[in-house]
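**Q** Dropping in work_27.cif, with mmCIF, C-alpha atoms.
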```cif
data_my_file
loop_
_atom_site.label_atom_id
_atom_site.label_comp_id
_atom_site.auth_asym_id
_atom_site.auth_seq_id
_atom_site.Cartn_x
_atom_site.Cartn_y
_atom_site.Cartn_z
CA MET A 1272 -47.00 -33.39 -56.79
CA GLU A 1273 -45.77 -32.53 -60.28
CA SER A 1274 -44.77 -29.03 -59.19
CA GLY A 1275 -42.75 -30.53 -56.35
CA LYS A 1276 -40.94 -32.88 -58.72
CA ARG A 1277 -40.31 -30.02 -61.13
CA GLN A 1278 -38.92 -27.84 -58.35
CA LYS A 1279 -36.68 -30.68 -57.16
CA LEU A 1280 -35.43 -31.23 -60.72
CA ILE A 1281 -34.70 -27.53 -61.22
CA SER A 1282 -32.89 -27.32 -57.91
CA GLY A 1283 -30.82 -30.42 -58.76
CA LEU A 1284 -29.90 -29.00 -62.14
CA PHE A 1285 -28.89 -25.71 -60.54
CA VAL A 1286 -26.69 -27.39 -57.92
CA ASN A 1287 -25.08 -29.76 -60.43
CA GLY A 1288 -24.59 -26.96 -62.94
CA THR A 1289 -22.93 -24.77 -60.30
CA LEU A 1290 -20.62 -27.61 -59.24
CA LEU A 1291 -19.75 -28.32 -62.86
CA LEU A 1292 -18.92 -24.66 -63.42
CA LEU A 1293 -16.65 -24.61 -60.36
CA VAL A 1294 -14.89 -27.78 -61.52
CA ILE A 1295 -14.29 -26.24 -64.95
CA LEU A 1296 -13.00 -22.99 -63.42
CA TRP A 1297 -10.54 -24.96 -61.27
CA THR A 1298 -9.52 -27.36 -64.04
CA ILE A 1299 -8.76 -24.83 -66.79
CA PRO A 1300 -5.78 -23.16 -65.01
CA THR A 1301 -4.36 -26.58 -64.11
CA LEU A 1302 -4.69 -27.70 -67.72
CA GLY A 1303 -2.99 -24.48 -68.82
CA ILE A 1304 -0.04 -25.11 -66.50
CA PHE A 1305 0.25 -28.70 -67.71
CA VAL A 1306 0.22 -27.76 -71.41
CA SER A 1307 2.55 -24.78 -70.97
CA SER A 1308 5.09 -26.93 -69.15
CA PHE A 1309 5.67 -28.89 -72.39
CA ARG A 1310 5.86 -25.88 -74.75
CA ASN A 1311 9.12 -24.22 -75.69
CA ARG A 1312 9.97 -20.66 -74.76
CA ASP A 1313 9.32 -19.22 -78.23
CA ASP A 1314 5.79 -20.64 -78.47
CA ILE A 1315 4.93 -19.38 -74.97
CA ALA A 1316 6.23 -15.90 -75.83
CA ARG A 1317 4.22 -15.74 -79.07
CA SER A 1318 0.90 -17.35 -78.16
CA GLY A 1319 -1.24 -18.70 -75.33
CA TRP A 1320 -1.46 -22.35 -74.29
CA TRP A 1321 -4.92 -22.69 -75.88
CA ASN A 1322 -3.26 -22.65 -79.31
CA VAL A 1323 -2.67 -26.38 -78.86
CA LEU A 1324 -6.37 -26.67 -79.71
CA PRO A 1325 -7.50 -26.35 -83.35
CA HIS A 1326 -7.71 -22.67 -84.28
CA ARG A 1327 -7.56 -20.40 -87.31
CA GLU A 1328 -4.32 -18.62 -88.05
CA TRP A 1329 -2.99 -16.38 -90.82
CA GLN A 1330 -0.35 -18.05 -93.01
CA VAL A 1331 1.89 -16.12 -95.42
CA LEU A 1332 1.29 -17.09 -99.06
CA ARG A 1333 3.70 -14.67 -100.71
CA GLU A 1334 5.58 -11.43 -100.10
CA ILE A 1335 5.75 -8.36 -102.32
CA ASP A 1336 8.47 -5.73 -102.32
CA PRO A 1337 6.75 -2.29 -102.39
CA VAL A 1338 9.68 -0.68 -104.22
CA SER A 1339 9.71 -3.29 -106.98
CA ALA A 1340 5.93 -3.00 -107.31
CA GLY A 1341 6.23 0.80 -107.65
CA LEU A 1342 4.03 1.59 -104.64
CA ASN A 1343 4.13 4.95 -102.85
CA PRO A 1344 3.65 4.57 -99.09
CA ASP A 1345 2.68 8.22 -98.75
CA GLY A 1346 -0.42 7.84 -100.90
CA VAL A 1347 -3.16 5.36 -101.72
CA MET A 1348 -1.74 2.06 -102.92
CA GLU A 1349 -3.52 -0.55 -105.02
CA ILE A 1350 -2.39 -4.16 -104.89
CA GLU A 1351 -3.97 -7.61 -105.15
CA GLY A 1352 -7.29 -6.05 -106.11
CA VAL A 1353 -7.55 -3.84 -103.00
CA SER A 1354 -6.47 -0.28 -102.30
CA GLY A 1355 -5.62 1.57 -99.11
CA THR A 1356 -3.23 3.89 -97.34
CA PHE A 1357 -0.15 2.83 -95.40
CA ASP A 1358 -2.05 2.89 -92.06
CA GLU A 1359 -4.87 0.78 -93.51
CA LEU A 1360 -2.43 -1.77 -94.90
CA ARG A 1361 -0.64 -1.94 -91.54
CA THR A 1362 -3.96 -2.99 -89.98
CA GLY A 1363 -4.71 -5.39 -92.85
CA ILE A 1364 -7.17 -5.27 -95.72
CA SER A 1365 -9.25 -8.29 -96.73
CA THR A 1366 -9.45 -9.27 -100.41
CA PRO A 1367 -12.62 -10.48 -102.17
CA ASP A 1368 -11.33 -14.09 -102.21
CA GLY A 1369 -10.87 -14.22 -98.39
CA GLU A 1370 -7.16 -13.41 -98.24
CA ARG A 1371 -5.55 -10.52 -96.37
CA VAL A 1372 -2.99 -7.94 -97.49
CA VAL A 1373 -0.77 -6.61 -94.68
CA TRP A 1374 2.14 -4.18 -94.64
CA VAL A 1375 4.89 -5.50 -92.33
CA GLY A 1376 7.60 -3.13 -91.11
CA ASN A 1377 8.06 0.59 -91.61
CA LYS A 1378 7.60 2.70 -94.72
CA ARG A 1379 11.23 2.61 -95.79
CA ILE A 1380 12.18 -1.05 -95.54
CA GLY A 1381 8.78 -2.70 -95.08
CA ARG A 1382 7.23 -5.43 -97.19
CA ILE A 1383 3.72 -6.51 -98.08
CA GLN A 1384 2.44 -9.97 -97.19
CA VAL A 1385 -0.51 -11.77 -98.72
CA GLN A 1386 -1.93 -14.08 -96.05
CA GLU A 1387 -4.49 -16.85 -95.98
CA GLN A 1388 -6.38 -18.01 -92.88
CA ILE A 1389 -6.07 -21.75 -92.23
CA TRP A 1390 -6.94 -24.21 -89.45
CA THR A 1391 -3.87 -25.28 -87.50
CA VAL A 1392 -2.57 -26.47 -84.12
CA THR A 1393 0.67 -25.73 -82.26
CA TRP A 1394 2.05 -29.01 -81.01
CA ASN A 1395 5.74 -28.25 -80.59
CA PHE A 1396 5.96 -30.15 -77.31
CA THR A 1397 9.28 -30.77 -75.59
CA LEU A 1398 10.70 -32.22 -72.36
CA ASP A 1399 13.52 -29.66 -72.24
CA ASN A 1400 11.69 -27.57 -69.63
CA TYR A 1401 11.59 -30.48 -67.18
CA LYS A 1402 15.21 -31.40 -67.93
CA GLN A 1403 16.33 -27.86 -67.14
CA VAL A 1404 14.22 -27.54 -63.98
CA LEU A 1405 15.06 -30.97 -62.57
CA GLY A 1406 18.71 -31.11 -63.61
CA GLY A 1407 21.48 -29.30 -61.79
CA GLN A 1408 23.85 -29.23 -64.76
CA ASN A 1409 24.04 -26.56 -67.46
CA PHE A 1410 21.50 -26.77 -70.25
CA GLU A 1411 22.04 -25.79 -73.89
CA PHE A 1412 19.22 -24.01 -75.69
CA ASN A 1413 19.21 -23.61 -79.47
CA ARG A 1414 17.89 -20.21 -80.55
CA PRO A 1415 15.89 -19.78 -83.78
CA ASP A 1416 18.84 -17.93 -85.39
CA GLY A 1417 21.11 -20.94 -84.87
CA THR A 1418 23.09 -19.66 -81.89
CA VAL A 1419 23.43 -21.75 -78.73
CA GLU A 1420 22.65 -20.30 -75.30
CA VAL A 1421 23.97 -22.04 -72.18
CA VAL A 1422 21.75 -21.61 -69.10
CA PRO A 1423 22.21 -23.18 -65.65
CA GLY A 1424 19.81 -25.85 -64.41
CA ASP A 1425 17.65 -25.31 -61.35
CA ASN A 1426 18.25 -28.63 -59.54
CA MET A 1427 14.66 -29.00 -58.44
CA SER A 1428 15.09 -32.75 -58.03
CA GLY A 1429 17.16 -32.16 -54.89
CA ALA A 1430 14.54 -29.78 -53.52
CA PHE A 1431 11.83 -32.34 -54.30
CA LEU A 1432 13.63 -35.01 -52.26
CA ASN A 1433 14.21 -32.56 -49.40
CA SER A 1434 10.50 -31.67 -49.33
CA LEU A 1435 9.66 -35.37 -49.27
CA ALA A 1436 12.10 -35.91 -46.39
CA VAL A 1437 10.40 -33.08 -44.47
CA SER A 1438 6.74 -33.79 -45.32
CA VAL A 1439 6.56 -37.52 -44.57
CA PRO A 1440 7.93 -37.42 -40.99
CA SER A 1441 6.09 -34.13 -40.33
CA THR A 1442 2.86 -35.92 -41.23
CA VAL A 1443 3.43 -39.29 -39.57
CA ILE A 1444 4.82 -38.04 -36.23
CA PRO A 1445 1.90 -35.74 -35.27
CA ILE A 1446 -0.64 -38.34 -36.39
CA LEU A 1447 0.85 -40.99 -34.09
CA ILE A 1448 1.15 -38.66 -31.10
CA ALA A 1449 -2.32 -37.17 -31.64
CA ALA A 1450 -3.89 -40.62 -32.01
CA PHE A 1451 -2.52 -41.67 -28.60
CA ALA A 1452 -3.67 -38.39 -27.07
CA ALA A 1453 -7.13 -38.59 -28.64
CA TYR A 1454 -7.61 -42.14 -27.34
CA ALA A 1455 -6.59 -41.04 -23.85
CA PHE A 1456 -9.02 -38.10 -23.86
CA ALA A 1457 -11.84 -40.24 -25.25
CA TRP A 1458 -11.56 -43.50 -23.25
CA MET A 1459 -9.27 -42.98 -20.26
CA ASN A 1460 -9.96 -41.19 -16.98
CA PHE A 1461 -7.10 -39.20 -15.45
CA PRO A 1462 -6.78 -35.99 -13.41
CA GLY A 1463 -6.94 -32.76 -15.42
CA ARG A 1464 -8.36 -34.46 -18.49
CA ARG A 1465 -11.04 -31.83 -19.16
CA THR A 1466 -8.70 -28.89 -18.49
CA MET A 1467 -5.99 -30.26 -20.79
CA PHE A 1468 -8.48 -30.86 -23.60
CA ILE A 1469 -9.79 -27.29 -23.28
CA MET A 1470 -6.22 -26.03 -23.55
CA ILE A 1471 -5.69 -28.07 -26.73
CA VAL A 1472 -8.86 -26.64 -28.27
CA ALA A 1473 -7.72 -23.14 -27.28
CA LEU A 1474 -4.43 -23.69 -29.12
CA LEU A 1475 -6.36 -23.99 -32.38
CA VAL A 1476 -6.90 -20.23 -32.46
CA VAL A 1477 -3.30 -19.30 -31.61
CA PRO A 1478 -1.43 -18.15 -34.77
CA LEU A 1479 1.81 -20.04 -35.30
CA GLN A 1480 3.66 -16.81 -36.19
CA ILE A 1481 3.84 -15.74 -32.54
CA ALA A 1482 5.73 -18.96 -31.67
CA LEU A 1483 8.38 -18.70 -34.37
CA VAL A 1484 10.79 -16.39 -32.57
CA PRO A 1485 10.74 -18.21 -29.18
CA ILE A 1486 11.16 -21.60 -30.88
CA LEU A 1487 13.99 -20.23 -33.02
CA ARG A 1488 15.73 -18.95 -29.90
CA ASP A 1489 15.43 -22.35 -28.23
CA TYR A 1490 16.65 -24.15 -31.34
CA ARG A 1491 19.69 -21.91 -31.49
CA ALA A 1492 20.50 -22.73 -27.86
CA LEU A 1493 20.11 -26.47 -28.60
CA ASN A 1494 22.05 -26.20 -31.87
CA LEU A 1495 19.07 -27.59 -33.83
CA ASN A 1496 18.50 -24.68 -36.18
CA GLY A 1497 19.08 -25.51 -39.84
CA THR A 1498 18.38 -29.27 -39.50
CA PHE A 1499 15.55 -31.52 -40.58
CA LEU A 1500 14.89 -32.44 -36.95
CA ALA A 1501 14.09 -28.79 -36.20
CA ILE A 1502 11.41 -28.51 -38.86
CA TRP A 1503 10.00 -31.96 -38.00
CA LEU A 1504 9.48 -30.87 -34.39
CA ALA A 1505 8.08 -27.49 -35.45
CA HIS A 1506 5.48 -28.95 -37.80
CA THR A 1507 4.62 -31.60 -35.23
CA GLY A 1508 3.93 -28.98 -32.59
CA PHE A 1509 1.94 -26.74 -34.93
CA GLY A 1510 -0.22 -29.62 -36.15
CA LEU A 1511 -0.85 -31.48 -32.91
CA ALA A 1512 -3.78 -29.37 -31.70
CA LEU A 1513 -5.87 -29.84 -34.84
CA ALA A 1514 -4.89 -33.51 -35.13
CA THR A 1515 -5.86 -34.27 -31.53
CA TYR A 1516 -9.19 -32.46 -31.83
CA LEU A 1517 -10.08 -34.12 -35.14
CA LEU A 1518 -9.14 -37.62 -34.01
CA TYR A 1519 -10.89 -37.18 -30.65
CA ASN A 1520 -14.15 -36.38 -32.42
CA TYR A 1521 -13.87 -39.62 -34.36
CA ILE A 1522 -12.50 -41.97 -31.70
CA SER A 1523 -15.05 -40.85 -29.10
CA THR A 1524 -17.89 -42.00 -31.42
CA LEU A 1525 -16.62 -45.57 -31.82
CA PRO A 1526 -18.93 -48.24 -30.35
CA ARG A 1527 -18.30 -48.67 -26.63
CA ASP A 1528 -19.35 -52.33 -26.73
CA ILE A 1529 -16.32 -53.31 -28.80
CA LEU A 1530 -13.88 -51.73 -26.36
CA GLU A 1531 -15.64 -53.14 -23.30
CA SER A 1532 -15.54 -56.64 -24.79
CA ALA A 1533 -11.81 -56.26 -25.36
CA PHE A 1534 -11.23 -55.09 -21.78
CA ILE A 1535 -13.29 -58.02 -20.44
CA ASP A 1536 -11.05 -60.39 -22.44
CA GLY A 1537 -8.02 -58.91 -20.66
CA ALA A 1538 -6.75 -56.52 -23.32
CA SER A 1539 -4.69 -53.55 -22.16
CA HIS A 1540 -5.18 -50.00 -23.34
CA PHE A 1541 -2.19 -50.35 -25.66
CA THR A 1542 -3.59 -53.52 -27.21
CA VAL A 1543 -7.03 -51.94 -27.68
CA PHE A 1544 -5.42 -48.88 -29.26
CA THR A 1545 -3.22 -50.78 -31.70
CA LYS A 1546 -5.61 -53.62 -32.56
CA LEU A 1547 -8.96 -51.81 -32.58
CA ILE A 1548 -8.70 -48.02 -32.49
CA LEU A 1549 -6.11 -47.54 -35.23
CA PRO A 1550 -7.80 -49.83 -37.81
CA LEU A 1551 -11.22 -48.29 -37.11
CA SER A 1552 -9.84 -44.73 -37.27
CA VAL A 1553 -8.34 -44.97 -40.77
CA PRO A 1554 -10.82 -42.41 -42.27
CA ALA A 1555 -9.96 -39.77 -39.67
CA LEU A 1556 -6.23 -40.54 -39.89
CA ALA A 1557 -6.31 -40.26 -43.68
CA SER A 1558 -8.30 -37.03 -43.55
CA PHE A 1559 -5.79 -35.36 -41.27
CA ALA A 1560 -2.90 -36.81 -43.28
CA ILE A 1561 -4.19 -34.96 -46.35
CA PHE A 1562 -4.40 -31.65 -44.47
CA GLN A 1563 -1.03 -32.03 -42.77
CA PHE A 1564 0.84 -33.22 -45.84
CA LEU A 1565 -0.52 -30.42 -48.06
CA TRP A 1566 0.24 -27.83 -45.41
CA VAL A 1567 3.81 -29.01 -44.86
CA TRP A 1568 4.49 -29.51 -48.57
CA ASN A 1569 3.30 -26.00 -49.46
CA ASP A 1570 4.86 -24.33 -46.41
CA TYR A 1571 7.40 -21.59 -47.06
CA LEU A 1572 7.55 -19.52 -43.87
CA VAL A 1573 8.42 -22.27 -41.37
CA ALA A 1574 10.96 -23.81 -43.75
CA LEU A 1575 12.63 -20.46 -44.38
CA ILE A 1576 12.94 -19.70 -40.66
CA PHE A 1577 14.11 -23.07 -39.36
CA LEU A 1578 16.10 -24.32 -42.38
CA GLY A 1579 17.40 -20.93 -43.51
CA GLY A 1580 18.87 -20.34 -46.95
CA ASN A 1581 21.17 -23.37 -46.98
CA PRO A 1582 20.97 -24.84 -50.54
CA GLU A 1583 21.64 -28.31 -49.11
CA PHE A 1584 18.26 -28.29 -47.30
CA GLU A 1585 16.30 -26.19 -49.82
CA LEU A 1586 12.66 -27.27 -50.25
CA VAL A 1587 10.36 -27.10 -53.28
CA THR A 1588 8.70 -23.88 -52.13
CA GLN A 1589 12.07 -22.20 -51.60
CA ARG A 1590 13.33 -23.45 -54.97
CA MET A 1591 10.21 -22.16 -56.72
CA ALA A 1592 10.61 -18.77 -55.04
CA ALA A 1593 14.22 -18.65 -56.25
CA ILE A 1594 13.14 -19.55 -59.80
CA VAL A 1595 10.50 -16.81 -59.76
CA GLY A 1596 13.09 -14.30 -58.57
CA ALA A 1597 15.78 -15.31 -61.05
CA ARG A 1598 13.62 -16.30 -64.05
CA GLY A 1599 10.42 -14.32 -63.61
CA GLN A 1600 9.89 -14.05 -67.37
CA ASP A 1601 10.68 -17.69 -68.20
CA TRP A 1602 7.13 -19.06 -68.08
CA HIS A 1603 8.22 -22.34 -69.64
CA LEU A 1604 10.33 -23.02 -66.53
CA LEU A 1605 7.83 -21.69 -64.00
CA THR A 1606 5.02 -23.88 -65.32
CA ALA A 1607 7.24 -26.96 -65.38
CA GLY A 1608 8.38 -26.31 -61.81
CA ALA A 1609 4.81 -25.64 -60.66
CA PHE A 1610 3.53 -28.89 -62.12
CA ILE A 1611 6.39 -30.86 -60.58
CA SER A 1612 5.49 -29.40 -57.18
CA MET A 1613 1.83 -30.42 -57.72
CA ILE A 1614 2.39 -34.07 -58.63
CA LEU A 1615 2.93 -35.55 -55.16
CA PRO A 1616 0.18 -33.57 -53.33
CA LEU A 1617 -2.29 -34.58 -56.05
CA ALA A 1618 -1.23 -38.23 -55.70
CA VAL A 1619 -1.70 -38.08 -51.92
CA PHE A 1620 -5.12 -36.46 -52.21
CA PHE A 1621 -6.48 -38.83 -54.85
CA GLY A 1622 -5.03 -41.81 -53.01
CA LEU A 1623 -6.81 -40.89 -49.76
CA GLN A 1624 -9.88 -39.07 -51.05
CA ARG A 1625 -12.26 -41.97 -50.35
CA TYR A 1626 -11.61 -41.41 -46.63
CA PHE A 1627 -11.72 -37.62 -46.84
CA VAL A 1628 -15.47 -37.03 -46.44
CA ARG A 1629 -15.84 -39.65 -43.72
CA GLY A 1630 -12.96 -38.12 -41.81
CA MET A 1631 -14.32 -34.59 -42.18
CA LEU A 1632 -17.69 -35.68 -40.80
CA ALA A 1633 -16.05 -37.44 -37.85
CA GLY A 1634 -18.12 -36.92 -34.74
CA SER A 1635 -20.69 -34.68 -36.43
CA VAL A 1636 -23.47 -37.25 -35.98
CA LYS A 1637 -23.94 -39.20 -32.79
CA GLY A 1638 -26.42 -41.79 -31.73
#
```
Produce structure tokens that represent the structure in this file.
**A**
Amino acid sequence: MESGKRQKLISGLFVNGTLLLLVILWTIPTLGIFVSSFRNRDDIARSGWWNVLPHREWQVLREIDPVSAGLNPDGVMEIEGVSGTFDELRTGISTPDGERVVWVGNKRIGRIQVQEQIWTVTWNFTLDNYKQVLGGQNFEFNRPDGTVEVVPGDNMSGAFLNSLAVSVPSTVIPILIAAFAAYAFAWMNFPGRRTMFIMIVALLVVPLQIALVPILRDYRALNLNGTFLAIWLAHTGFGLALATYLLYNYISTLPRDILESAFIDGASHFTVFTKLILPLSVPALASFAIFQFLWVWNDYLVALIFLGGNPEFELVTQRMAAIVGARGQDWHLLTAGAFISMILPLAVFFGLQRYFVRGMLAGSVKG
């Protein structure tokens, strides 16, 4: 008995420890992006984001001119109680009292620094990164030497609103259509029901890339290409198969007694669907809403094909790709833009996460 309890305890500790490790591995990069988005460009260029935590750093106490001190860089030099060659001083030599003597620069115009290691933090936080990424106007940046650099803004706020205008309808429309279809497959009898459902399941394995060119050709004939309606319809079509299958698995497991009682009382299929099925199917609806919203929000390929490169309809993913291409070395802007693009998906996930597991397990257990 005791060995069984011990084995169960060890196995629980192993599982919980593994999950904790995975959470830490996923959280650290996110924390790094968040911290870096508030640091200025000079701090990011000089040090990593973890320097916001307490750490030890060398601070200059005083500087010594080698020429005034009569030191010969070509030989062994003695200063501050230590001696060494030029190469040794370039690396740094520790003194008996815990300080460090370092040669900075070249032999001809270099200088010697006496440094002391102290505990410090780098908390030079700023909102300028977000102002530059979100704003469309020019942004002035003050350099350390006092000069002013004027850089254009990235107007990510417009792309954020465009992504919102695309993601919300592209999530709501397929959910509504798939819910009606799932109810029909689960509780209505009509000719070809089994064949149509098999076709829907088969569509799950069809890659969307093979449909892009035919749909683009049809959109061009209908003059829909480059509009929000085009991408709404495209995402609706690409998401309907999974939505219908997921909702069918859930709706088909609802208690039959409730529906039969409603039909006996004279309720129509539409009344049963709106008054009973939809409220009872909230977990499955929320689960698919998370998948669909994250997919549409992070989509780049479909948006690029059906919206094109028109700046008026540019989405967050397209704006981020443009920032990476134009400002690949400006990590302070990339991290700010990345965190802005993460805010809404995180809010959607955490807002609907209590339904996520129930929706994922829809139809897995019957009886």
**Q** Evaluate the PyMOL selection byres ((chain A and resi 1431-1444) around 7) and record the selected residues as a PyMOL selection string, following the chain and residue labels used in the document.
**A** chain A and resi 1427-1430+1445-1448+1499+1503+1506-1507+1560+1563-1564+1567-1568+1584-1587
**Q** My list of candidates is A:Phe1456, A:Thr1524, A:Arg1491, A:Ala1449. Which is closest to Leu1511 of chain A when distances are computed with all atoms listed in the file?
**A** A:Ala1449
**Q** Apply the PyMOL selection byres ((chain A and resi 1452) around 12) to the file shown and report the selected residues as a ChimeraX atom specification.
**A** /A:1445-1451,1453-1459,1464,1467-1468,1471,1511-1520,1522-1523,1544
**Q** I want to know what sits within 12 Å of segment 1486-1488 of chain A, based on only C-alpha atoms, with residues of the same chain fewer than 2 positions away left out; could you give that as a VMD selection string?
**A** chain A and resid 1479 to 1484 1490 to 1498 1501 to 1502 1504 to 1506 1508 to 1509 1573 to 1579
**Q** Would you write out, as a list in words, every residue that the PyMOL selection byres ((chain A and resi 1302-1311) around 8) captures in this file?
**A**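 When the PyMOL selection byres ((chain A and resi 1302-1311) around 8) is applied to the shown file, the picked residues are Thr1298, Ile1299, Pro1300, Thr1301, Arg1312, Asp1313, Asp1314, Ile1315, Trp1320, Trp1321, Trp1394, Asn1395, Phe1396, Thr1397, Leu1398, Asp1399, Asn1400, Tyr1401, Trp1602, His1603, Leu1604, Leu1605, Thr1606, Ala1607, Ala1609 and Phe1610 of chain A.
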**Q** Counting all atoms listed in the file, which of A:Val1372, A:Asp1601, A:Glu1583, A:Val1619 gets nearest to Ala1316 of chain A?
**A**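 Of A:Val1372, A:Asp1601, A:Glu1583, A:Val1619, the one nearest Ala1316 of chain A is A:Asp1601, counting all atoms listed in the file.
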**Q** Grab the atom CA of Leu1405 of chain A to atom CA of Asn1581 of chain A distance for me, in Å with one decimal place.
**A**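 Separation of atom CA of Leu1405 of chain A and atom CA of Asn1581 of chain A: 18.4 Å.
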